[in-house]
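Shown below: entry31.txt, with compact mmCIF, C-alpha atoms.
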# COMPACT_ATOMS: atom_id res chain seq x y z
CA MET A 12 55.72 1.26 199.91
CA GLU A 13 51.97 1.79 199.97
CA GLY A 14 52.22 3.84 196.82
CA ILE A 15 53.98 1.00 195.01
CA GLU A 16 51.37 -1.50 196.18
CA LEU A 17 48.60 0.78 195.06
CA ALA A 18 50.22 1.31 191.67
CA GLY A 19 50.61 -2.45 191.34
CA MET A 20 46.96 -2.99 192.18
CA LEU A 21 45.83 -0.37 189.68
CA ALA A 22 48.11 -1.84 187.02
CA GLN A 23 46.67 -5.29 187.67
CA ILE A 24 43.11 -3.98 187.31
CA GLN A 25 44.01 -2.18 184.11
CA ALA A 26 45.71 -5.25 182.67
CA ASN A 27 42.76 -7.50 183.48
CA THR A 28 40.41 -4.89 182.07
CA ALA A 29 42.37 -4.77 178.83
CA ILE A 30 42.16 -8.56 178.54
CA ALA A 31 38.42 -8.47 179.26
CA VAL A 32 37.84 -5.75 176.66
CA GLY A 33 39.83 -7.73 174.10
CA LEU A 34 37.78 -10.85 174.83
CA ILE A 35 34.53 -8.88 174.54
CA PHE A 36 35.52 -7.44 171.15
CA ALA A 37 36.74 -10.82 169.93
CA ALA A 38 33.55 -12.60 170.96
CA ALA A 39 31.40 -9.85 169.45
CA ALA A 40 33.32 -9.95 166.17
CA LEU A 41 33.25 -13.75 166.03
CA GLY A 42 29.54 -14.04 166.82
CA THR A 43 28.35 -11.34 164.47
CA GLY A 44 30.78 -12.46 161.78
CA ILE A 45 29.45 -16.02 161.78
CA GLY A 46 25.87 -14.82 162.08
CA PHE A 47 26.06 -12.30 159.26
CA ALA A 48 27.92 -14.74 157.05
CA LEU A 49 25.16 -17.33 157.50
CA LEU A 50 22.49 -14.68 157.03
CA GLY A 51 24.00 -13.28 153.84
CA GLY A 52 24.65 -16.75 152.45
CA LYS A 53 21.09 -17.88 153.05
CA PHE A 54 19.77 -14.67 151.54
CA LEU A 55 21.76 -15.21 148.36
CA GLU A 56 20.63 -18.83 148.27
CA GLY A 57 16.99 -17.81 148.62
CA ALA A 58 17.33 -15.01 146.08
CA ALA A 59 18.95 -17.39 143.60
CA ARG A 60 16.06 -19.85 143.95
CA GLN A 61 13.31 -17.26 143.85
CA PRO A 62 14.56 -13.87 142.68
CA GLU A 63 11.11 -12.33 143.02
CA LEU A 64 11.27 -12.86 146.79
CA ALA A 65 14.55 -10.99 147.26
CA GLY A 66 12.78 -7.86 148.48
CA MET A 67 10.82 -9.74 151.11
CA LEU A 68 13.92 -11.62 152.23
CA GLN A 69 15.77 -8.32 152.57
CA VAL A 70 13.12 -7.02 155.00
CA ARG A 71 13.33 -10.18 157.09
CA MET A 72 17.10 -10.15 156.98
CA PHE A 73 17.08 -6.59 158.32
CA ILE A 74 14.96 -7.59 161.32
CA ILE A 75 17.03 -10.64 162.14
CA ALA A 76 20.24 -8.64 161.75
CA GLY A 77 18.90 -6.15 164.29
CA LEU A 78 18.55 -8.97 166.76
CA LEU A 79 21.86 -10.49 165.82
CA ASP A 80 24.01 -7.50 166.56
CA ALA A 81 22.05 -6.18 169.55
CA LEU A 82 23.92 -8.33 172.05
CA SER A 83 27.31 -7.63 170.53
CA ILE A 84 26.61 -3.89 170.59
CA ILE A 85 25.63 -4.17 174.26
CA GLY A 86 28.94 -5.97 174.82
CA VAL A 87 30.77 -3.21 173.00
CA ALA A 88 28.97 -0.65 175.17
CA PHE A 89 30.27 -2.33 178.31
CA ALA A 90 33.73 -2.55 176.76
CA ALA A 91 33.60 1.20 176.11
CA LEU A 92 32.64 1.76 179.73
CA LEU A 93 35.52 -0.41 180.94
CA LEU A 94 37.99 1.33 178.65
CA PHE A 95 37.07 4.95 179.19
CA ALA A 96 35.34 5.13 182.57
CA ASN A 97 36.40 1.99 184.39
CA PRO A 98 34.24 1.63 187.51
CA LEU A 99 36.65 -0.95 188.96
CA LEU A 100 39.45 1.61 189.06
CA GLY A 101 37.07 4.13 190.57
CA ALA A 102 36.28 1.74 193.41
CA VAL A 103 39.97 1.32 194.30
CA GLN A 104 40.65 5.03 194.01
CA GLY A 105 37.61 5.74 196.14
CA VAL A 106 38.91 3.50 198.93
CA VAL A 107 42.36 5.08 198.82
CA GLY A 108 40.96 8.59 198.61
CA MET B 20 14.79 -28.66 149.26
CA GLY B 21 13.08 -25.49 150.31
CA ARG B 22 9.33 -25.09 149.96
CA ARG B 23 8.36 -22.84 147.09
CA ALA B 24 5.69 -20.18 147.41
CA GLU B 25 2.33 -21.27 146.08
CA ALA B 26 1.01 -17.76 145.55
CA PRO B 27 0.66 -16.40 142.03
CA ASP B 28 3.78 -14.58 140.84
CA PRO B 29 3.29 -10.84 140.68
CA THR B 30 5.12 -8.92 138.01
CA PRO B 31 8.60 -7.91 139.14
CA ASP B 32 7.79 -4.20 139.25
CA SER B 33 4.60 -4.54 141.23
CA ALA B 34 6.21 -7.09 143.56
CA GLN B 35 9.12 -4.72 144.14
CA ALA B 36 6.70 -1.90 144.86
CA VAL B 37 4.96 -4.10 147.41
CA TYR B 38 8.26 -5.01 149.07
CA ASP B 39 9.45 -1.40 149.11
CA ASP B 40 6.18 -0.45 150.75
CA GLN B 41 6.52 -3.35 153.17
CA PHE B 42 10.04 -2.26 154.07
CA ALA B 43 8.94 1.34 154.67
CA LYS B 44 6.03 0.21 156.84
CA THR B 45 8.27 -2.15 158.77
CA ILE B 46 10.72 0.64 159.52
CA ALA B 47 7.92 2.99 160.53
CA TRP B 48 6.52 0.30 162.83
CA LEU B 49 9.98 -0.32 164.32
CA PHE B 50 10.45 3.41 164.97
CA ARG B 51 7.10 3.68 166.71
CA VAL B 52 7.68 0.64 168.92
CA GLN B 53 11.25 1.65 169.72
CA ALA B 54 10.14 5.16 170.69
CA LEU B 55 7.42 3.69 172.88
CA LEU B 56 9.80 1.25 174.56
CA THR B 57 12.36 4.02 175.10
CA ALA B 58 9.72 6.20 176.71
CA LEU B 59 8.68 3.31 178.94
CA ALA B 60 12.30 2.67 179.94
CA GLY B 61 12.75 6.38 180.68
CA LEU B 62 9.62 6.41 182.80
CA ALA B 63 10.66 3.30 184.71
CA PHE B 64 14.12 4.65 185.44
CA ALA B 65 12.65 8.04 186.40
CA MET B 66 10.67 6.27 189.10
CA ILE B 67 13.67 4.22 190.21
CA GLY B 68 16.49 6.78 190.18
CA GLY B 69 15.19 10.19 189.21
CA LEU B 70 15.85 12.51 186.31
CA ALA B 71 19.48 11.54 185.68
CA TRP B 72 18.64 7.86 185.35
CA SER B 73 15.69 8.69 183.13
CA MET B 74 17.85 10.83 180.85
CA ALA B 75 20.44 8.07 180.64
CA ALA B 76 17.78 5.55 179.62
CA LEU B 77 16.40 7.96 177.03
CA VAL B 78 19.88 8.50 175.60
CA GLY B 79 20.39 4.73 175.35
CA GLY B 80 17.06 4.38 173.56
CA ALA B 81 17.89 7.28 171.27
CA ILE B 82 21.08 5.51 170.25
CA GLY B 83 19.06 2.43 169.33
CA VAL B 84 16.55 4.42 167.29
CA PHE B 85 19.33 6.35 165.54
CA LEU B 86 21.23 3.20 164.63
CA THR B 87 18.04 1.62 163.29
CA GLY B 88 17.37 4.69 161.18
CA VAL B 89 20.86 4.86 159.70
CA THR B 90 20.88 1.15 158.90
CA ALA B 91 17.40 1.24 157.40
CA LEU B 92 18.34 4.21 155.23
CA ARG B 93 21.45 2.50 153.88
CA ILE B 94 19.62 -0.77 153.22
CA GLY B 95 16.53 0.96 151.85
CA LEU B 96 18.59 2.77 149.22
CA ALA B 97 19.71 -0.58 147.79
CA LEU B 98 16.26 -2.18 147.62
CA GLY B 99 15.25 -3.44 144.22
CA GLY B 100 18.77 -4.02 142.97
CA GLU B 101 20.60 -7.24 142.29
CA PRO B 102 20.87 -9.62 145.28
CA LYS B 103 24.64 -9.16 145.25
CA GLN B 104 24.23 -5.39 145.55
CA MET B 105 21.64 -5.82 148.27
CA VAL B 106 23.97 -8.03 150.33
CA ARG B 107 26.83 -5.59 149.79
CA ALA B 108 24.68 -2.69 150.96
CA PHE B 109 23.50 -4.77 153.89
CA TYR B 110 27.04 -5.57 155.06
CA ARG B 111 28.12 -1.95 154.62
CA ALA B 112 25.11 -0.77 156.60
CA MET B 113 25.89 -3.22 159.39
CA ALA B 114 29.55 -2.19 159.48
CA LEU B 115 28.47 1.45 159.67
CA LYS B 116 26.04 0.59 162.45
CA PHE B 117 28.77 -1.13 164.43
CA VAL B 118 31.23 1.75 164.03
CA LEU B 119 28.58 4.31 164.96
CA ALA B 120 27.60 2.22 167.98
CA VAL B 121 31.20 2.17 169.21
CA ILE B 122 31.58 5.94 168.74
CA LEU B 123 28.27 6.78 170.39
CA PHE B 124 28.80 4.47 173.34
CA VAL B 125 32.32 5.83 173.91
CA ILE B 126 30.85 9.35 174.02
CA VAL B 127 28.08 8.20 176.32
CA ALA B 128 30.58 6.36 178.56
CA TYR B 129 32.18 9.75 179.23
CA TRP B 130 28.92 11.59 179.87
CA PHE B 131 26.97 8.94 181.74
CA ALA B 132 29.77 6.97 183.37
CA GLY B 133 27.85 6.72 186.63
CA TYR B 134 24.58 5.82 184.94
CA PHE B 135 25.61 3.22 182.46
CA ILE B 136 23.08 0.55 183.44
CA PRO B 137 20.14 2.79 182.41
CA VAL B 138 21.92 3.62 179.15
CA VAL B 139 22.38 -0.03 178.24
CA SER B 140 18.86 -0.85 179.44
CA GLY B 141 17.45 1.88 177.20
CA TYR B 142 19.34 0.45 174.26
CA ALA B 143 18.26 -3.09 175.11
CA ALA B 144 14.64 -1.88 175.22
CA THR B 145 14.94 -0.79 171.59
CA ALA B 146 16.33 -4.20 170.67
CA VAL B 147 13.12 -5.75 172.04
CA ALA B 148 11.28 -4.07 169.15
CA TYR B 149 13.10 -6.41 166.77
CA TRP B 150 11.89 -9.40 168.75
CA LEU B 151 8.34 -8.08 168.56
CA ALA B 152 8.71 -7.45 164.83
CA MET B 153 9.97 -10.96 164.25
CA GLN B 154 7.20 -12.43 166.35
CA LYS B 155 4.63 -10.40 164.46
CA MET B 156 6.19 -11.37 161.13
CA THR B 157 5.88 -15.08 161.83
CA HIS B 158 2.14 -14.81 162.41
CA LEU B 159 1.37 -13.09 159.13
CA PRO B 160 0.06 -14.87 156.02
CA ASP B 161 2.20 -15.30 152.92
CA SER B 162 3.27 -11.88 151.69
CA THR B 163 3.98 -12.87 148.10
CA THR B 164 0.47 -12.26 146.81
CA GLY B 165 1.10 -8.59 146.19
CA LYS B 166 -2.10 -7.59 147.97
CA GLU B 167 -2.21 -4.60 150.25
CA LYS B 168 -2.10 -5.51 153.92
CA ARG B 169 -2.85 -3.48 157.01
CA ASP B 170 0.22 -4.64 158.89
CA SER B 171 3.37 -5.03 156.92
CA VAL B 172 5.65 -6.37 159.64
Target encoding structure tokens, full file:
Amino acid sequence: MEGIELAGMLAQIQANTAIAVGLIFAAAALGTGIGFALLGGKFLEGAARQPELAGMLQVRMFIIAGLLDALSIIGVAFAALLLFANPLLGAVQGVVG
Amino acid sequence: MGRRAEAPDPTPDSAQAVYDDQFAKTIAWLFRVQALLTALAGLAFAMIGGLAWSMAALVGGAIGVFLTGVTALRIGLALGGEPKQMVRAFYRAMALKFVLAVILFVIVAYWFAGYFIPVVSGYAATAVAYWLAMQKMTHLPDSTTGKEKRDSV
């Protein structure tokens, strides 16, 4: 009986983790997608108005893009941790022994 | 309507040379600051949790520096082309960065599963370099004159 309860608990943690990882990836994709779309669109707009400034805009776009995807990459890092070395499962398994 | 630059227009070739130089200097500056911030993070975590924590922070910082380098290389190769090509190269570089980040962090999640906070902190420290670069960039004069500057960021 205890084994079944434990398996149920682990399954619940894994299911919730899978949902959390999916949400993290979705939010990261949505945020960076919107951000990069705006960034690329504004770059093309600026380059169309003043083609001689395209090089300068590219440098600035690179810096802003680094900021833009930093948070999503951190989110992806935590998602990788949850997927492949889930500390929540480890806590339950540690209690059970 | 956007404000137009009031500086004299340099010739396209010389302007492109200036921007290429500016890009290279910006990347070099980013590398230096990211390496410094990674070392600081490693030192801080060495004092907090010892060698393992310090190594984890250094690995996180190394991931950030590596991703910056790969992205800069891909974008730098497309400098001076048509805007459409530049945007295409930019999006490809960002997609590559994202894929590499996933692969590297999955590998690191296996190796440093118990020390993941230092890893992410080390990576976040490298992201601070972009904030500093942006802050520095906003305080510079107009860069369309084509004149040589000491700081390019």
*Residue nearest chain B among A:Val70, A:Ala40, A:Val103, A:Leu79 (counting all atoms listed in the file)*: A:Val70
*Counting all atoms listed in the file, write as a VMD selection string all protein and nucleic acid residues lying at most 12 Å from (25.2, 17.1, 176.5) in the file's frame.*
chain B and resid 74 to 75 78 126 to 127 129 to 131
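Taking atom CA of Pro137 of chain B and atom CA of Gln154 of chain B as the two end points, the separation is 25.6 Å.
The interface of chain B with chain A at 6 Å, considering all atoms listed in the file, consists of Tyr38, Phe42, Phe124, Val125, Ala128, Ala132 and Tyr149 of chain B.
Our summary of the geometry notes that atom CA of Val121 of chain B is positioned 27.4 Å from atom CA of Ile67 of chain B.
Among the candidates B:Leu56, B:Leu62, B:Ala114, B:Ala71, the residue lying nearest to Ala143 of chain B is B:Leu56 (atoms considered: all atoms listed in the file).
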*By how many Å are atom CA of Leu96 of chain B and atom CA of Gln53 of chain B apart?*
21.8 Å
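Each of B:Val139, B:Leu59, B:Ala91, B:Val147 was compared to Arg111 of chain B using only C-alpha atoms, and B:Ala91 turns out to be the nearest.
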